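Chemist: What follows is final39.pdb; its format and atoms are PDB, N, CA, C and O atoms.
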ATOM      1  N   MET A   1      65.896   0.685 -63.072
ATOM      2  CA  MET A   1      67.239   0.187 -63.337
ATOM      3  C   MET A   1      67.920   1.028 -64.410
ATOM      4  O   MET A   1      67.278   1.683 -65.211
ATOM      5  N   LEU A   2      69.223   0.936 -64.394
ATOM      6  CA  LEU A   2      69.989   1.686 -65.385
ATOM      7  C   LEU A   2      69.680   1.238 -66.807
ATOM      8  O   LEU A   2      69.635   2.063 -67.717
ATOM      9  N   ASN A   3      69.461  -0.062 -66.985
ATOM     10  CA  ASN A   3      69.141  -0.564 -68.326
ATOM     11  C   ASN A   3      67.927   0.149 -68.915
ATOM     12  O   ASN A   3      67.929   0.551 -70.083
ATOM     13  N   ASP A   4      66.889   0.290 -68.102
ATOM     14  CA  ASP A   4      65.667   0.951 -68.560
ATOM     15  C   ASP A   4      65.919   2.418 -68.880
ATOM     16  O   ASP A   4      65.437   2.942 -69.888
ATOM     17  N   GLU A   5      66.687   3.079 -68.018
ATOM     18  CA  GLU A   5      67.006   4.490 -68.245
ATOM     19  C   GLU A   5      67.809   4.662 -69.530
ATOM     20  O   GLU A   5      67.571   5.597 -70.298
ATOM     21  N   ILE A   6      68.757   3.758 -69.751
ATOM     22  CA  ILE A   6      69.585   3.816 -70.960
ATOM     23  C   ILE A   6      68.714   3.640 -72.199
ATOM     24  O   ILE A   6      68.843   4.396 -73.172
ATOM     25  N   CYS A   7      67.813   2.667 -72.167
ATOM     26  CA  CYS A   7      66.932   2.428 -73.320
ATOM     27  C   CYS A   7      66.040   3.633 -73.608
ATOM     28  O   CYS A   7      65.884   4.031 -74.765
ATOM     29  N   LYS A   8      65.464   4.213 -72.558
ATOM     30  CA  LYS A   8      64.593   5.379 -72.741
ATOM     31  C   LYS A   8      65.361   6.564 -73.306
ATOM     32  O   LYS A   8      64.895   7.239 -74.232
ATOM     33  N   LEU A   9      66.551   6.800 -72.767
ATOM     34  CA  LEU A   9      67.341   7.932 -73.243
ATOM     35  C   LEU A   9      67.856   7.694 -74.659
ATOM     36  O   LEU A   9      67.904   8.619 -75.472
ATOM     37  N   ARG A  10      68.191   6.443 -74.975
ATOM     38  CA  ARG A  10      68.630   6.114 -76.333
ATOM     39  C   ARG A  10      67.507   6.387 -77.328
ATOM     40  O   ARG A  10      67.727   6.971 -78.401
ATOM     41  N   ASP A  11      66.283   6.002 -76.960
ATOM     42  CA  ASP A  11      65.130   6.260 -77.828
ATOM     43  C   ASP A  11      64.897   7.758 -78.001
ATOM     44  O   ASP A  11      64.602   8.228 -79.102
ATOM     45  N   LYS A  12      65.048   8.494 -76.914
ATOM     46  CA  LYS A  12      64.879   9.942 -76.969
ATOM     47  C   LYS A  12      65.944  10.579 -77.872
ATOM     48  O   LYS A  12      65.646  11.466 -78.669
ATOM     49  N   LEU A  13      67.168  10.095 -77.766
ATOM     50  CA  LEU A  13      68.248  10.587 -78.620
ATOM     51  C   LEU A  13      67.965  10.275 -80.084
ATOM     52  O   LEU A  13      68.115  11.141 -80.951
ATOM     53  N   ASN A  14      67.518   9.061 -80.351
ATOM     54  CA  ASN A  14      67.206   8.679 -81.729
ATOM     55  C   ASN A  14      66.097   9.554 -82.313
ATOM     56  O   ASN A  14      66.182   9.985 -83.470
ATOM     57  N   ARG A  15      65.067   9.824 -81.513
ATOM     58  CA  ARG A  15      63.981  10.706 -81.977
ATOM     59  C   ARG A  15      64.510  12.107 -82.258
ATOM     60  O   ARG A  15      64.123  12.745 -83.243
ATOM     61  N   SER A  16      65.398  12.578 -81.401
ATOM     62  CA  SER A  16      65.978  13.904 -81.586
ATOM     63  C   SER A  16      66.727  13.992 -82.920
ATOM     64  O   SER A  16      66.612  14.974 -83.647
ATOM     65  N   ILE A  17      67.459  12.936 -83.223
ATOM     66  CA  ILE A  17      68.214  12.890 -84.485
ATOM     67  C   ILE A  17      67.251  12.833 -85.673
ATOM     68  O   ILE A  17      67.397  13.581 -86.640
ATOM     69  N   GLU A  18      66.262  11.947 -85.574
ATOM     70  CA  GLU A  18      65.299  11.771 -86.670
ATOM     71  C   GLU A  18      64.502  13.046 -86.947
ATOM     72  O   GLU A  18      64.177  13.347 -88.090
ATOM     73  N   GLN A  19      64.164  13.779 -85.885
ATOM     74  CA  GLN A  19      63.354  14.992 -86.028
ATOM     75  C   GLN A  19      64.189  16.207 -86.419
ATOM     76  O   GLN A  19      63.635  17.270 -86.688
ATOM     77  N   GLY A  20      65.497  16.041 -86.434
ATOM     78  CA  GLY A  20      66.359  17.153 -86.808
ATOM     79  C   GLY A  20      66.410  18.246 -85.751
ATOM     80  O   GLY A  20      66.531  19.424 -86.082
ATOM     81  N   ASP A  21      66.306  17.835 -84.482
ATOM     82  CA  ASP A  21      66.385  18.814 -83.395
ATOM     83  C   ASP A  21      67.700  19.588 -83.457
ATOM     84  O   ASP A  21      68.669  19.146 -84.079
ATOM     85  N   ASP A  22      67.714  20.701 -82.759
ATOM     86  CA  ASP A  22      68.914  21.523 -82.678
ATOM     87  C   ASP A  22      70.086  20.665 -82.185
ATOM     88  O   ASP A  22      69.919  19.810 -81.315
ATOM     89  N   TYR A  23      71.252  20.949 -82.729
ATOM     90  CA  TYR A  23      72.449  20.169 -82.393
ATOM     91  C   TYR A  23      72.712  20.151 -80.886
ATOM     92  O   TYR A  23      73.089  19.117 -80.333
ATOM     93  N   SER A  24      72.499  21.263 -80.216
ATOM     94  CA  SER A  24      72.787  21.330 -78.780
ATOM     95  C   SER A  24      71.897  20.370 -77.985
ATOM     96  O   SER A  24      72.335  19.783 -76.994
ATOM     97  N   VAL A  25      70.659  20.192 -78.420
ATOM     98  CA  VAL A  25      69.743  19.255 -77.760
ATOM     99  C   VAL A  25      70.228  17.827 -77.971
ATOM    100  O   VAL A  25      70.331  17.029 -77.024
ATOM    101  N   THR A  26      70.535  17.492 -79.203
ATOM    102  CA  THR A  26      71.013  16.153 -79.534
ATOM    103  C   THR A  26      72.325  15.859 -78.814
ATOM    104  O   THR A  26      72.507  14.769 -78.259
ATOM    105  N   TYR A  27      73.203  16.837 -78.796
ATOM    106  CA  TYR A  27      74.493  16.665 -78.128
ATOM    107  C   TYR A  27      74.302  16.414 -76.636
ATOM    108  O   TYR A  27      74.924  15.514 -76.059
ATOM    109  N   GLN A  28      73.436  17.181 -75.995
ATOM    110  CA  GLN A  28      73.197  17.025 -74.559
ATOM    111  C   GLN A  28      72.629  15.636 -74.251
ATOM    112  O   GLN A  28      73.039  14.992 -73.285
ATOM    113  N   LEU A  29      71.709  15.174 -75.065
ATOM    114  CA  LEU A  29      71.163  13.826 -74.876
ATOM    115  C   LEU A  29      72.255  12.768 -75.031
ATOM    116  O   LEU A  29      72.303  11.797 -74.271
ATOM    117  N   SER A  30      73.140  12.976 -75.989
ATOM    118  CA  SER A  30      74.234  12.047 -76.216
ATOM    119  C   SER A  30      75.175  12.001 -75.011
ATOM    120  O   SER A  30      75.609  10.929 -74.585
ATOM    121  N   VAL A  31      75.475  13.162 -74.459
ATOM    122  CA  VAL A  31      76.343  13.233 -73.281
ATOM    123  C   VAL A  31      75.683  12.516 -72.098
ATOM    124  O   VAL A  31      76.328  11.740 -71.389
ATOM    125  N   GLU A  32      74.405  12.754 -71.900
ATOM    126  CA  GLU A  32      73.685  12.105 -70.804
ATOM    127  C   GLU A  32      73.678  10.584 -70.982
ATOM    128  O   GLU A  32      73.865   9.839 -70.016
ATOM    129  N   LEU A  33      73.490  10.145 -72.214
ATOM    130  CA  LEU A  33      73.496   8.715 -72.494
ATOM    131  C   LEU A  33      74.874   8.120 -72.217
ATOM    132  O   LEU A  33      74.994   7.065 -71.599
ATOM    133  N   ASP A  34      75.918   8.800 -72.644
ATOM    134  CA  ASP A  34      77.284   8.340 -72.375
ATOM    135  C   ASP A  34      77.537   8.193 -70.885
ATOM    136  O   ASP A  34      78.150   7.219 -70.432
ATOM    137  N   GLU A  35      77.052   9.158 -70.108
ATOM    138  CA  GLU A  35      77.245   9.111 -68.653
ATOM    139  C   GLU A  35      76.510   7.924 -68.037
ATOM    140  O   GLU A  35      77.050   7.253 -67.147
ATOM    141  N   LEU A  36      75.306   7.668 -68.495
ATOM    142  CA  LEU A  36      74.551   6.517 -67.985
ATOM    143  C   LEU A  36      75.233   5.199 -68.338
ATOM    144  O   LEU A  36      75.295   4.283 -67.516
ATOM    145  N   ILE A  37      75.742   5.110 -69.550
ATOM    146  CA  ILE A  37      76.423   3.889 -69.981
ATOM    147  C   ILE A  37      77.690   3.678 -69.147
ATOM    148  O   ILE A  37      77.976   2.563 -68.703
ATOM    149  N   ALA A  38      78.432   4.750 -68.903
ATOM    150  CA  ALA A  38      79.632   4.646 -68.075
ATOM    151  C   ALA A  38      79.269   4.195 -66.667
ATOM    152  O   ALA A  38      79.949   3.343 -66.075
ATOM    153  N   LYS A  39      78.194   4.744 -66.125
ATOM    154  CA  LYS A  39      77.729   4.357 -64.796
ATOM    155  C   LYS A  39      77.331   2.879 -64.776
ATOM    156  O   LYS A  39      77.641   2.151 -63.832
ATOM    157  N   TYR A  40      76.656   2.433 -65.826
ATOM    158  CA  TYR A  40      76.246   1.034 -65.938
ATOM    159  C   TYR A  40      77.458   0.107 -65.890
ATOM    160  O   TYR A  40      77.484  -0.875 -65.131
ATOM    161  N   TYR A  41      78.487   0.410 -66.681
ATOM    162  CA  TYR A  41      79.663  -0.451 -66.710
ATOM    163  C   TYR A  41      80.455  -0.377 -65.412
ATOM    164  O   TYR A  41      81.040  -1.377 -64.976
ATOM    165  N   LYS A  42      80.465   0.774 -64.781
ATOM    166  CA  LYS A  42      81.147   0.910 -63.490
ATOM    167  C   LYS A  42      80.468   0.022 -62.447
ATOM    168  O   LYS A  42      81.137  -0.682 -61.689
ATOM    169  N   GLU A  43      79.153   0.035 -62.414
ATOM    170  CA  GLU A  43      78.407  -0.804 -61.473
ATOM    171  C   GLU A  43      78.570  -2.283 -61.814
ATOM    172  O   GLU A  43      78.693  -3.117 -60.916
ATOM    173  N   LEU A  44      78.591  -2.601 -63.089
ATOM    174  CA  LEU A  44      78.782  -3.982 -63.517
ATOM    175  C   LEU A  44      80.143  -4.495 -63.048
ATOM    176  O   LEU A  44      80.251  -5.606 -62.505
ATOM    177  N   LYS A  45      81.159  -3.682 -63.219
ATOM    178  CA  LYS A  45      82.507  -4.057 -62.797
ATOM    179  C   LYS A  45      82.561  -4.236 -61.281
ATOM    180  O   LYS A  45      83.152  -5.194 -60.782
ATOM    181  N   LYS A  46      81.925  -3.321 -60.556
ATOM    182  CA  LYS A  46      81.898  -3.394 -59.099
ATOM    183  C   LYS A  46      81.200  -4.683 -58.641
ATOM    184  O   LYS A  46      81.669  -5.364 -57.735
ATOM    185  N   ASN A  47      80.095  -5.019 -59.293
ATOM    186  CA  ASN A  47      79.352  -6.227 -58.935
ATOM    187  C   ASN A  47      80.144  -7.497 -59.243
ATOM    188  O   ASN A  47      80.085  -8.467 -58.497
ATOM    189  N   LYS A  48      80.899  -7.489 -60.334
ATOM    190  CA  LYS A  48      81.717  -8.654 -60.673
ATOM    191  C   LYS A  48      82.821  -8.849 -59.638
ATOM    192  O   LYS A  48      83.123  -9.969 -59.248
ATOM    193  N   LYS A  49      83.417  -7.741 -59.188
ATOM    194  CA  LYS A  49      84.447  -7.840 -58.156
ATOM    195  C   LYS A  49      83.851  -8.379 -56.869
ATOM    196  O   LYS A  49      84.441  -9.212 -56.198
ATOM    197  N   LYS A  50      82.656  -7.911 -56.541
ATOM    198  CA  LYS A  50      81.979  -8.352 -55.323
ATOM    199  C   LYS A  50      81.702  -9.851 -55.388
ATOM    200  O   LYS A  50      81.936 -10.577 -54.435
ATOM    201  N   ILE A  51      81.244 -10.317 -56.517
ATOM    202  CA  ILE A  51      80.951 -11.746 -56.700
ATOM    203  C   ILE A  51      82.247 -12.547 -56.608
ATOM    204  O   ILE A  51      82.285 -13.602 -55.980
ATOM    205  N   GLY A  52      83.310 -12.023 -57.197
ATOM    206  CA  GLY A  52      84.610 -12.700 -57.135
ATOM    207  C   GLY A  52      85.107 -12.827 -55.714
ATOM    208  O   GLY A  52      85.651 -13.854 -55.312
ATOM    209  N   MET A  53      84.920 -11.793 -54.902
ATOM    210  CA  MET A  53      85.349 -11.821 -53.508
ATOM    211  C   MET A  53      84.527 -12.837 -52.719
ATOM    212  O   MET A  53      85.052 -13.540 -51.860
ATOM    213  N   GLU A  54      83.238 -12.915 -53.011
ATOM    214  CA  GLU A  54      82.384 -13.881 -52.317
ATOM    215  C   GLU A  54      82.786 -15.300 -52.658
ATOM    216  O   GLU A  54      82.778 -16.178 -51.799
ATOM    217  N   ASN A  55      83.161 -15.549 -53.898
ATOM    218  CA  ASN A  55      83.575 -16.894 -54.314
ATOM    219  C   ASN A  55      84.872 -17.306 -53.638
ATOM    220  O   ASN A  55      85.057 -18.468 -53.305
ATOM    221  N   HIS A  56      85.787 -16.362 -53.444
ATOM    222  CA  HIS A  56      87.060 -16.667 -52.801
ATOM    223  C   HIS A  56      86.886 -16.898 -51.301
ATOM    224  O   HIS A  56      87.676 -17.607 -50.689
ATOM    225  N   ALA A  57      85.850 -16.326 -50.716
ATOM    226  CA  ALA A  57      85.606 -16.467 -49.286
ATOM    227  C   ALA A  57      85.044 -17.849 -48.955
ATOM    228  O   ALA A  57      85.145 -18.316 -47.829
ATOM    229  N   ASN A  58      84.454 -18.491 -49.929
ATOM    230  CA  ASN A  58      83.810 -19.800 -49.678
ATOM    231  C   ASN A  58      84.759 -20.922 -49.846
ATOM    232  O   ASN A  58      85.586 -21.271 -50.332
TER
END
Could you render the structure as structure tokens?
Modeler:
Amino acid sequence: MLNDEICKLRDKLNRSIEQGDDYSVTYQLSVELDELIAKYYKELKKNKKKIGMENHAN
């Protein structure tokens, strides 16, 4: 699930920051995390619309 991927990548980003990794590595992890979070909210919004449509059909 996206939640698990987000948590794993967030932990990886935090370790990168704590270890003082090169900025480009930390930045890339941050960008990847942002993309996953955006995908998560997009799917959440899509699912809410789907549920709303099902409720109106009943």
Chemist: What does the distance between atom CA of A:Leu33 and atom O of A:Lys48 come to in Å, to one decimal place?
Modeler: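 Value for the atom CA of A:Leu33-atom O of A:Lys48 distance: 24.8 Å.
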Chemist: To one decimal place, how far is atom C of A:Leu29 from atom O of A:Leu9 in Å?
Modeler: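 For atom C of A:Leu29 relative to atom O of A:Leu9, the distance reads 6.0 Å.
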Chemist: Report, in Å to a single decimal, how far apart atom CA of A:Glu35 and atom CA of A:Lys8 are.
Modeler: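 Separation between atom CA of A:Lys8 and atom CA of A:Glu35: 13.8 Å.
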Chemist: Write out as a PDB file with N, CA, C and O atoms, in the frame of the given file each polymer residue whose atoms come within 12 Å of A:Glu5, counting only C-alpha atoms; drop sequence neighbours fewer than 4 positions from it.
Modeler:
ATOM      1  N   MET A   1      65.896   0.685 -63.072  1.00  0.00           N
ATOM      2  CA  MET A   1      67.239   0.187 -63.337  1.00  0.00           C
ATOM      3  C   MET A   1      67.920   1.028 -64.410  1.00  0.00           C
ATOM      4  O   MET A   1      67.278   1.683 -65.211  1.00  0.00           O
ATOM      5  N   LEU A   9      66.551   6.800 -72.767  1.00  0.00           N
ATOM      6  CA  LEU A   9      67.341   7.932 -73.243  1.00  0.00           C
ATOM      7  C   LEU A   9      67.856   7.694 -74.659  1.00  0.00           C
ATOM      8  O   LEU A   9      67.904   8.619 -75.472  1.00  0.00           O
ATOM      9  N   ARG A  10      68.191   6.443 -74.975  1.00  0.00           N
ATOM     10  CA  ARG A  10      68.630   6.114 -76.333  1.00  0.00           C
ATOM     11  C   ARG A  10      67.507   6.387 -77.328  1.00  0.00           C
ATOM     12  O   ARG A  10      67.727   6.971 -78.401  1.00  0.00           O
ATOM     13  N   ASP A  11      66.283   6.002 -76.960  1.00  0.00           N
ATOM     14  CA  ASP A  11      65.130   6.260 -77.828  1.00  0.00           C
ATOM     15  C   ASP A  11      64.897   7.758 -78.001  1.00  0.00           C
ATOM     16  O   ASP A  11      64.602   8.228 -79.102  1.00  0.00           O
ATOM     17  N   LYS A  12      65.048   8.494 -76.914  1.00  0.00           N
ATOM     18  CA  LYS A  12      64.879   9.942 -76.969  1.00  0.00           C
ATOM     19  C   LYS A  12      65.944  10.579 -77.872  1.00  0.00           C
ATOM     20  O   LYS A  12      65.646  11.466 -78.669  1.00  0.00           O
ATOM     21  N   GLU A  32      74.405  12.754 -71.900  1.00  0.00           N
ATOM     22  CA  GLU A  32      73.685  12.105 -70.804  1.00  0.00           C
ATOM     23  C   GLU A  32      73.678  10.584 -70.982  1.00  0.00           C
ATOM     24  O   GLU A  32      73.865   9.839 -70.016  1.00  0.00           O
ATOM     25  N   LEU A  33      73.490  10.145 -72.214  1.00  0.00           N
ATOM     26  CA  LEU A  33      73.496   8.715 -72.494  1.00  0.00           C
ATOM     27  C   LEU A  33      74.874   8.120 -72.217  1.00  0.00           C
ATOM     28  O   LEU A  33      74.994   7.065 -71.599  1.00  0.00           O
ATOM     29  N   ASP A  34      75.918   8.800 -72.644  1.00  0.00           N
ATOM     30  CA  ASP A  34      77.284   8.340 -72.375  1.00  0.00           C
ATOM     31  C   ASP A  34      77.537   8.193 -70.885  1.00  0.00           C
ATOM     32  O   ASP A  34      78.150   7.219 -70.432  1.00  0.00           O
ATOM     33  N   GLU A  35      77.052   9.158 -70.108  1.00  0.00           N
ATOM     34  CA  GLU A  35      77.245   9.111 -68.653  1.00  0.00           C
ATOM     35  C   GLU A  35      76.510   7.924 -68.037  1.00  0.00           C
ATOM     36  O   GLU A  35      77.050   7.253 -67.147  1.00  0.00           O
ATOM     37  N   LEU A  36      75.306   7.668 -68.495  1.00  0.00           N
ATOM     38  CA  LEU A  36      74.551   6.517 -67.985  1.00  0.00           C
ATOM     39  C   LEU A  36      75.233   5.199 -68.338  1.00  0.00           C
ATOM     40  O   LEU A  36      75.295   4.283 -67.516  1.00  0.00           O
ATOM     41  N   ILE A  37      75.742   5.110 -69.550  1.00  0.00           N
ATOM     42  CA  ILE A  37      76.423   3.889 -69.981  1.00  0.00           C
ATOM     43  C   ILE A  37      77.690   3.678 -69.147  1.00  0.00           C
ATOM     44  O   ILE A  37      77.976   2.563 -68.703  1.00  0.00           O
ATOM     45  N   LYS A  39      78.194   4.744 -66.125  1.00  0.00           N
ATOM     46  CA  LYS A  39      77.729   4.357 -64.796  1.00  0.00           C
ATOM     47  C   LYS A  39      77.331   2.879 -64.776  1.00  0.00           C
ATOM     48  O   LYS A  39      77.641   2.151 -63.832  1.00  0.00           O
ATOM     49  N   TYR A  40      76.656   2.433 -65.826  1.00  0.00           N
ATOM     50  CA  TYR A  40      76.246   1.034 -65.938  1.00  0.00           C
ATOM     51  C   TYR A  40      77.458   0.107 -65.890  1.00  0.00           C
ATOM     52  O   TYR A  40      77.484  -0.875 -65.131  1.00  0.00           O
TER      53      TYR A  40
END
Chemist: Excluding A:Thr26 and its own-chain neighbours fewer than 5 positions away, which residues fall within 8 Å of it when counting only N, CA, C and O atoms? Please give them as a PDB file with N, CA, C and O atoms, in the coordinates of the input.
Modeler:
ATOM      1  N   LYS A  12      65.048   8.494 -76.914  1.00  0.00           N
ATOM      2  CA  LYS A  12      64.879   9.942 -76.969  1.00  0.00           C
ATOM      3  C   LYS A  12      65.944  10.579 -77.872  1.00  0.00           C
ATOM      4  O   LYS A  12      65.646  11.466 -78.669  1.00  0.00           O
ATOM      5  N   LEU A  13      67.168  10.095 -77.766  1.00  0.00           N
ATOM      6  CA  LEU A  13      68.248  10.587 -78.620  1.00  0.00           C
ATOM      7  C   LEU A  13      67.965  10.275 -80.084  1.00  0.00           C
ATOM      8  O   LEU A  13      68.115  11.141 -80.951  1.00  0.00           O
ATOM      9  N   ASN A  14      67.518   9.061 -80.351  1.00  0.00           N
ATOM     10  CA  ASN A  14      67.206   8.679 -81.729  1.00  0.00           C
ATOM     11  C   ASN A  14      66.097   9.554 -82.313  1.00  0.00           C
ATOM     12  O   ASN A  14      66.182   9.985 -83.470  1.00  0.00           O
ATOM     13  N   SER A  16      65.398  12.578 -81.401  1.00  0.00           N
ATOM     14  CA  SER A  16      65.978  13.904 -81.586  1.00  0.00           C
ATOM     15  C   SER A  16      66.727  13.992 -82.920  1.00  0.00           C
ATOM     16  O   SER A  16      66.612  14.974 -83.647  1.00  0.00           O
ATOM     17  N   ILE A  17      67.459  12.936 -83.223  1.00  0.00           N
ATOM     18  CA  ILE A  17      68.214  12.890 -84.485  1.00  0.00           C
ATOM     19  C   ILE A  17      67.251  12.833 -85.673  1.00  0.00           C
ATOM     20  O   ILE A  17      67.397  13.581 -86.640  1.00  0.00           O
ATOM     21  N   GLY A  20      65.497  16.041 -86.434  1.00  0.00           N
ATOM     22  CA  GLY A  20      66.359  17.153 -86.808  1.00  0.00           C
ATOM     23  C   GLY A  20      66.410  18.246 -85.751  1.00  0.00           C
ATOM     24  O   GLY A  20      66.531  19.424 -86.082  1.00  0.00           O
ATOM     25  N   ASP A  21      66.306  17.835 -84.482  1.00  0.00           N
ATOM     26  CA  ASP A  21      66.385  18.814 -83.395  1.00  0.00           C
ATOM     27  C   ASP A  21      67.700  19.588 -83.457  1.00  0.00           C
ATOM     28  O   ASP A  21      68.669  19.146 -84.079  1.00  0.00           O
ATOM     29  N   VAL A  31      75.475  13.162 -74.459  1.00  0.00           N
ATOM     30  CA  VAL A  31      76.343  13.233 -73.281  1.00  0.00           C
ATOM     31  C   VAL A  31      75.683  12.516 -72.098  1.00  0.00           C
ATOM     32  O   VAL A  31      76.328  11.740 -71.389  1.00  0.00           O
ATOM     33  N   GLU A  32      74.405  12.754 -71.900  1.00  0.00           N
ATOM     34  CA  GLU A  32      73.685  12.105 -70.804  1.00  0.00           C
ATOM     35  C   GLU A  32      73.678  10.584 -70.982  1.00  0.00           C
ATOM     36  O   GLU A  32      73.865   9.839 -70.016  1.00  0.00           O
ATOM     37  N   LEU A  33      73.490  10.145 -72.214  1.00  0.00           N
ATOM     38  CA  LEU A  33      73.496   8.715 -72.494  1.00  0.00           C
ATOM     39  C   LEU A  33      74.874   8.120 -72.217  1.00  0.00           C
ATOM     40  O   LEU A  33      74.994   7.065 -71.599  1.00  0.00           O
TER      41      LEU A  33
END
